[in-house]
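A quick write-up on the structure given underneath.
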Amino acid sequence: MNENEARKQIENMVRFIEQEAKEKAEEILDKTNQELEAWKNEFKHNKRTYWKSHYLAEKKRKEVEGKIAQSKMKSSEDERVMKERMVIMQGLKKKAIETLVKTKKEKSSAYKQLIEDLLVEGLLKLMEPAVTVRCVAADKSIVKSVLKNAEKRFVQEMTAACEASKAKFNMNTSVSFDESPLKDSCIGGVWLMSQAYTSRPDAIIVRNSLDARLDICIENITPTIRSLLFPEDEERALEIKKSREAALKAMMEEHH
């Protein structure tokens, strides 16, 4: 092989090596670019997923806070309304007490008959042979004046009831007056107590005072009074129920 042929062969080998190196470099560069692009896409996807989840969680938290705040505000308003209505109801009771006190003074004969009726009713409830009666200090003379007649009426009513059942009423009844008066805060009326249990803490007492009867009356007619004074109560109660359910649901969602 002469010198020219050898040089040409070397040049061909150099070109071949350079071409191989160039192709290998391009292959490495393409692979690097592909890997970089894949990493960039994955990075974008992860960041997008993170911020989307973060946004949804923050949105949900704000919604929960808003519902809770709204529920608290409504509860506060409900409490204020309830207090105002309680004041109104207490005012009505106070007015009823004043009316009872006034009527008691103005219609003494009717009050005397009421005392007798309350005594008879109490005796019928107790059904005890020995009964003690108490009243306020101002009513002592009235109560004492009707004790015997009330006792007589009790015996008559029991006798008639037994005869209707073809039985005989044999109980000897004794009604005595207790000089210790009821509290001055009591409007009027009477308390009846079985003497057999007078000294016991679980004494059988029939509280036929005007205060007790008024409390029973108020308890029974309060729904009617409320419906007349506050007709929006039913609608408001439904709103409160829905508000509380929404707040409870929001809190449960927050913990999940």
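Each chain of the structure tokens is named A, B, ... in the order shown, its residues numbered from 1; ligands are numbered from 1 in display order.
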>> Can you tell me, as a PyMOL selection string, which residues in stretch 77-207 of chain A count as helix (DSSP H, G or I) by DSSP?
In response: chain A and resi 77-106+108-126+137-164+195-197
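Across the model, the gap from atom CA of A:Asn172 to atom CA of A:Leu114 is 24.4 Å.
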